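Heads up, protein.tsv below (TSV, C-alpha atoms):
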```tsv
chain	number	residue	atom	x	y	z
A	24	MET	CA	-5.48	0.38	-4.25
A	25	GLU	CA	-9.06	0.96	-5.24
A	26	ASP	CA	-10.90	1.49	-8.48
A	27	LEU	CA	-11.43	4.83	-10.19
A	28	GLY	CA	-14.78	5.60	-8.58
A	29	SER	CA	-17.51	6.97	-10.83
A	30	VAL	CA	-15.87	5.95	-14.11
A	31	ALA	CA	-18.23	3.91	-16.31
A	32	TRP	CA	-16.80	0.47	-16.96
A	33	PRO	CA	-16.07	-1.19	-19.28
A	34	PRO	CA	-15.29	1.55	-21.78
A	35	GLU	CA	-15.42	1.04	-25.51
A	36	PRO	CA	-12.22	-0.69	-26.65
A	37	ILE	CA	-9.39	1.76	-27.33
A	38	ARG	CA	-7.60	1.35	-30.66
A	39	THR	CA	-4.14	2.68	-31.34
A	40	GLU	CA	-2.05	2.33	-34.48
A	41	ARG	CA	-0.98	-1.22	-33.53
A	42	LEU	CA	-2.88	-2.21	-30.41
A	43	LEU	CA	-6.28	-2.72	-28.85
A	44	LEU	CA	-6.96	-1.95	-25.18
A	45	ARG	CA	-10.03	-3.75	-23.89
A	46	GLU	CA	-11.65	-5.47	-20.93
A	47	SER	CA	-10.36	-8.97	-20.17
A	48	GLY	CA	-12.14	-12.10	-21.28
A	49	ALA	CA	-11.94	-15.85	-20.70
A	50	ARG	CA	-9.64	-16.20	-23.75
A	51	ASP	CA	-6.99	-14.16	-21.86
A	52	ARG	CA	-6.61	-16.54	-18.91
A	53	ALA	CA	-3.60	-18.45	-20.28
A	54	ALA	CA	-1.79	-15.18	-21.10
A	55	PHE	CA	-2.47	-13.87	-17.58
A	56	VAL	CA	-0.99	-17.05	-16.11
A	57	GLU	CA	2.07	-16.58	-18.33
A	58	LEU	CA	2.34	-12.88	-17.40
A	59	LEU	CA	1.99	-13.39	-13.65
A	60	ALA	CA	4.30	-16.44	-13.57
A	61	SER	CA	7.08	-14.83	-15.64
A	62	PRO	CA	10.36	-14.32	-13.74
A	63	GLU	CA	11.42	-11.69	-16.33
A	64	VAL	CA	8.21	-9.66	-15.93
A	65	HIS	CA	8.50	-9.76	-12.13
A	66	THR	CA	12.22	-9.01	-11.79
A	67	TYR	CA	11.40	-5.66	-10.13
A	68	LEU	CA	8.04	-6.67	-8.67
A	69	GLY	CA	9.01	-9.08	-5.92
A	70	GLY	CA	9.17	-12.20	-8.08
A	71	PRO	CA	6.66	-14.28	-10.00
A	72	ARG	CA	3.77	-16.24	-8.58
A	73	PRO	CA	3.93	-20.03	-8.91
A	74	ARG	CA	2.26	-21.21	-12.13
A	75	ALA	CA	0.37	-24.04	-10.35
A	76	GLU	CA	-1.05	-21.56	-7.83
A	77	LEU	CA	-2.17	-19.25	-10.64
A	78	GLU	CA	-3.77	-22.13	-12.54
A	79	ARG	CA	-5.75	-23.02	-9.39
A	80	GLU	CA	-6.68	-19.51	-8.23
A	81	LEU	CA	-7.21	-17.29	-11.26
A	82	PRO	CA	-10.88	-16.97	-12.14
A	83	GLU	CA	-12.13	-17.94	-15.59
A	84	VAL	CA	-12.05	-14.25	-16.51
A	85	PRO	CA	-9.05	-12.79	-14.66
A	86	GLU	CA	-8.47	-9.14	-13.80
A	87	ARG	CA	-11.96	-8.01	-14.80
A	88	TRP	CA	-12.34	-4.84	-12.79
A	89	PRO	CA	-12.50	-1.11	-13.54
A	90	GLY	CA	-9.12	0.22	-14.59
A	91	SER	CA	-7.69	-3.08	-15.88
A	92	PHE	CA	-7.09	-3.14	-19.62
A	93	VAL	CA	-5.84	-6.07	-21.65
A	94	VAL	CA	-3.37	-4.95	-24.31
A	95	GLU	CA	-3.89	-6.95	-27.48
A	96	ARG	CA	-1.77	-7.16	-30.65
A	97	ASP	CA	-2.90	-9.14	-33.67
A	98	GLY	CA	-5.66	-10.84	-31.67
A	99	ALA	CA	-3.46	-11.99	-28.76
A	100	MET	CA	-2.93	-10.53	-25.30
A	101	ILE	CA	0.59	-9.12	-24.88
A	102	GLY	CA	0.16	-7.14	-21.67
A	103	GLN	CA	-1.97	-5.35	-19.13
A	104	ILE	CA	-2.46	-1.69	-18.19
A	105	LEU	CA	-3.67	-0.95	-14.66
A	106	LEU	CA	-5.24	2.31	-13.53
A	107	ARG	CA	-6.18	2.40	-9.84
A	108	ARG	CA	-6.52	5.02	-7.15
A	109	GLY	CA	-3.80	5.09	-4.51
A	110	THR	CA	-5.05	4.61	-0.96
A	111	ALA	CA	-3.44	5.43	2.37
A	112	THR	CA	-1.58	2.40	3.72
A	113	GLU	CA	1.47	1.90	5.85
A	114	ARG	CA	3.66	1.77	2.72
A	115	SER	CA	1.90	4.48	0.68
A	116	ARG	CA	3.58	7.75	-0.15
A	117	PRO	CA	1.69	10.98	0.63
A	118	ALA	CA	2.29	12.21	-2.95
A	119	ALA	CA	0.40	9.17	-4.32
A	120	VAL	CA	-2.61	8.94	-2.01
A	121	GLY	CA	-5.88	9.66	-3.76
A	122	LYS	CA	-4.31	9.98	-7.21
A	123	ALA	CA	-4.71	7.67	-10.16
A	124	ASP	CA	-1.84	5.18	-10.30
A	125	LEU	CA	-0.57	3.75	-13.60
A	126	GLY	CA	0.88	0.25	-13.74
A	127	TYR	CA	1.72	-2.02	-16.64
A	128	LEU	CA	2.95	-5.54	-17.32
A	129	PHE	CA	4.01	-6.87	-20.73
A	130	LEU	CA	5.09	-10.32	-21.81
A	131	PRO	CA	8.83	-10.44	-22.61
A	132	ARG	CA	8.15	-11.26	-26.27
A	133	ALA	CA	6.47	-7.81	-26.54
A	134	TRP	CA	9.42	-5.86	-25.08
A	135	GLY	CA	11.46	-3.48	-27.20
A	136	PHE	CA	8.80	-2.58	-29.77
A	137	GLY	CA	7.29	0.52	-28.11
A	138	TYR	CA	4.04	-1.27	-27.24
A	139	ALA	CA	4.15	-0.22	-23.57
A	140	ALA	CA	4.56	3.45	-24.49
A	141	GLU	CA	1.77	3.25	-27.07
A	142	ALA	CA	-0.63	1.44	-24.73
A	143	CYS	CA	0.14	3.59	-21.68
A	144	ALA	CA	-0.28	6.81	-23.70
A	145	ALA	CA	-3.67	5.58	-24.94
A	146	ALA	CA	-4.78	4.65	-21.41
A	147	LEU	CA	-3.64	8.04	-20.08
A	148	ASP	CA	-5.54	9.82	-22.87
A	149	TRP	CA	-8.64	7.79	-21.98
A	150	LEU	CA	-8.24	8.69	-18.30
A	151	ALA	CA	-7.87	12.40	-19.15
A	152	GLY	CA	-11.16	12.16	-21.04
A	153	VAL	CA	-13.14	10.49	-18.23
A	154	LEU	CA	-11.42	12.23	-15.28
A	155	PRO	CA	-10.25	15.61	-16.60
A	156	GLY	CA	-7.59	17.26	-14.47
A	157	GLU	CA	-6.61	14.02	-12.72
A	158	PRO	CA	-2.91	13.79	-11.85
A	159	VAL	CA	-1.40	10.34	-12.29
A	160	VAL	CA	1.44	8.69	-10.36
A	161	LEU	CA	3.74	5.82	-11.27
A	162	THR	CA	6.09	3.88	-9.00
A	163	THR	CA	8.92	1.60	-10.09
A	164	GLN	CA	12.22	0.37	-8.68
A	165	THR	CA	15.10	2.70	-9.46
A	166	ALA	CA	16.93	-0.36	-10.81
A	167	ASN	CA	14.27	-0.67	-13.52
A	168	LEU	CA	15.84	1.84	-15.90
A	169	ALA	CA	13.56	0.88	-18.81
A	170	SER	CA	10.50	1.71	-16.72
A	171	ILE	CA	11.96	5.06	-15.63
A	172	ARG	CA	12.71	5.92	-19.29
A	173	LEU	CA	9.14	5.02	-20.21
A	174	ALA	CA	7.80	7.16	-17.37
A	175	ALA	CA	9.80	10.15	-18.62
A	176	LYS	CA	8.59	9.56	-22.19
A	177	LEU	CA	5.00	9.59	-20.90
A	178	GLY	CA	5.54	12.89	-19.09
A	179	PHE	CA	6.13	11.73	-15.52
A	180	ALA	CA	8.54	13.77	-13.40
A	181	GLU	CA	10.30	12.37	-10.34
A	182	VAL	CA	8.74	13.38	-7.04
A	183	GLU	CA	10.80	11.26	-4.69
A	184	ARG	CA	12.81	8.10	-4.10
A	185	PHE	CA	12.13	5.89	-1.12
A	186	GLU	CA	12.85	2.45	0.28
A	187	ALA	CA	10.09	-0.16	0.12
A	188	TRP	CA	9.80	-3.88	-0.58
A	189	GLY	CA	13.55	-4.28	-0.02
A	190	ALA	CA	14.63	-1.87	-2.77
A	191	GLU	CA	14.85	1.81	-3.67
A	192	GLN	CA	11.67	2.99	-5.43
A	193	TRP	CA	11.08	5.87	-7.84
A	194	LEU	CA	7.81	7.82	-7.65
A	195	GLY	CA	6.83	10.09	-10.51
A	196	ILE	CA	3.81	12.26	-11.18
A	197	ARG	CA	2.22	13.34	-14.44
A	198	SER	CA	0.39	16.60	-14.07
A	199	PRO	CA	-3.05	16.92	-15.59
A	200	VAL	CA	-3.22	17.79	-19.25
A	201	VAL	CA	-4.92	21.15	-19.71
A	202	PRO	CA	-7.38	21.22	-22.61
A	203	SER	CA	-6.58	23.90	-25.17
A	204	GLY	CA	-8.66	27.02	-24.79
A	205	HIS	CA	-8.60	26.84	-21.01
A	206	LEU	CA	-6.44	28.46	-18.39
A	207	TYR	CA	-4.72	26.24	-15.87
A	208	GLY	CA	-7.33	25.76	-13.22
A	209	GLY	CA	-10.07	24.76	-15.61
A	210	GLY	CA	-12.01	27.92	-16.47
A	211	PRO	CA	-12.59	29.20	-19.98
A	212	GLU	CA	-10.42	32.02	-21.24
```
Kindly transcribe the structure held in the file into structure tokens.
Amino acid sequence: MEDLGSVAWPPEPIRTERLLLRESGARDRAAFVELLASPEVHTYLGGPRPRAELERELPEVPERWPGSFVVERDGAMIGQILLRRGTATERSRPAAVGKADLGYLFLPRAWGFGYAAEACAAALDWLAGVLPGEPVVLTTQTANLASIRLAAKLGFAEVERFEAWGAEQWLGIRSPVVPSGHLYGGGPE
């Protein structure tokens, strides 16, 4: 994966009804350790990383790179939204190469409240503003039914299923949002 190219970073924080999406800071380090060491969070992601390893290796300000948003609720980090560009690798799918890729991780205490849908929708709206016409892909294990439901709610449609990382994967794409007053293809009416 690589960053989003010419996108100015960091953007102004994004506020939703209940959340704030922002660049990471030193105050988020403990929450990142918790997020990355959580067995529940990593059930469909190959398992958690050892807490001691994370404590040793995470920088003072973790995950500070273009496309990485901290999701904050009431002043505390509850998750992360990731927007990266898919690159060609041995495991990559042709439908995903070169497209923006949406990923997200939320602490278990934040599950079931609609925060992931709210934060992902805000991040996708931001992306549509800075990279108009950009299609977005999302990959998850087919066993992760909650993630597939969220993908559908966000407007992703299944492109294919494939085997990778020892499990069946689901790849969806969200077509670019067309601004009102324009024909599909980008020109004015």
Check your understanding: Using only C-alpha atoms, which of A:Leu125, A:Val56, A:Leu177, A:Ala166 sits nearest A:Arg79?
Key ->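 Residue with the minimum atom-to-atom distance to A:Arg79: A:Val56.
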Got a sec: who's within 12 Å of A:Ser29, counting only C-alpha atoms, leaving out chain neighbours fewer than 2 positions off, as a PDB file with C-alpha atoms, in the frame of the given file?
```pdb
ATOM      1  CA  GLU A  25      -9.060   0.960  -5.240  1.00  0.00           C
ATOM      2  CA  ASP A  26     -10.900   1.490  -8.480  1.00  0.00           C
ATOM      3  CA  LEU A  27     -11.430   4.830 -10.190  1.00  0.00           C
ATOM      4  CA  ALA A  31     -18.230   3.910 -16.310  1.00  0.00           C
ATOM      5  CA  TRP A  32     -16.800   0.470 -16.960  1.00  0.00           C
ATOM      6  CA  PRO A  33     -16.070  -1.190 -19.280  1.00  0.00           C
ATOM      7  CA  PRO A  89     -12.500  -1.110 -13.540  1.00  0.00           C
ATOM      8  CA  GLY A  90      -9.120   0.220 -14.590  1.00  0.00           C
ATOM      9  CA  ARG A 108      -6.520   5.020  -7.150  1.00  0.00           C
ATOM     10  CA  VAL A 153     -13.140  10.490 -18.230  1.00  0.00           C
ATOM     11  CA  LEU A 154     -11.420  12.230 -15.280  1.00  0.00           C
TER      12      LEU A 154
END
```
Review point. Taking into account only C-alpha atoms, which residue in the set A:Pro117, A:Pro131, A:Pro36, A:Gly28 is nearest to A:Leu59?
Key: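 Of the candidates, the smallest distance to A:Leu59 is held by A:Pro131.
Shortest separation to A:Gln103 among A:Glu76, A:Ala144, A:Phe55, A:Ala180 occurs at residue A:Phe55, atoms counted being all atoms listed in the file.
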Point to revise | Selection: 12 Å around A:His65, only C-alpha atoms, excl. self and same-chain fewer than 4 positions, as number ranges by chain | key: A: 57-61, 69-73, 127-131, 163-164, 167
Point to revise | Between atom CA of A:Pro62 and atom CA of A:Trp188 - distance in Å to one decimal | key: 16.8 Å
Check your understanding: Hey, can you check how far atom CA of A:Phe136 sits from atom CA of A:Lys176?
Key ->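 Taking atom CA of A:Phe136 as the start and atom CA of A:Lys176 as the end point, the length is 14.3 Å.
Shortest separation to A:Ile196 among A:Ala118, A:Ala151, A:Gly126, A:Phe92 occurs at residue A:Ala118, atoms counted being all atoms listed in the file.
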Exercise for review: For each of A:Gly178, A:Pro158, A:Gly48, A:Gly189, take the minimum atom-to-atom distance to A:Leu106, counting all atoms listed in the file, then give the residue where this is smallest.
Suggested key: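 For A:Leu106, the nearest of the given residues is A:Pro158.
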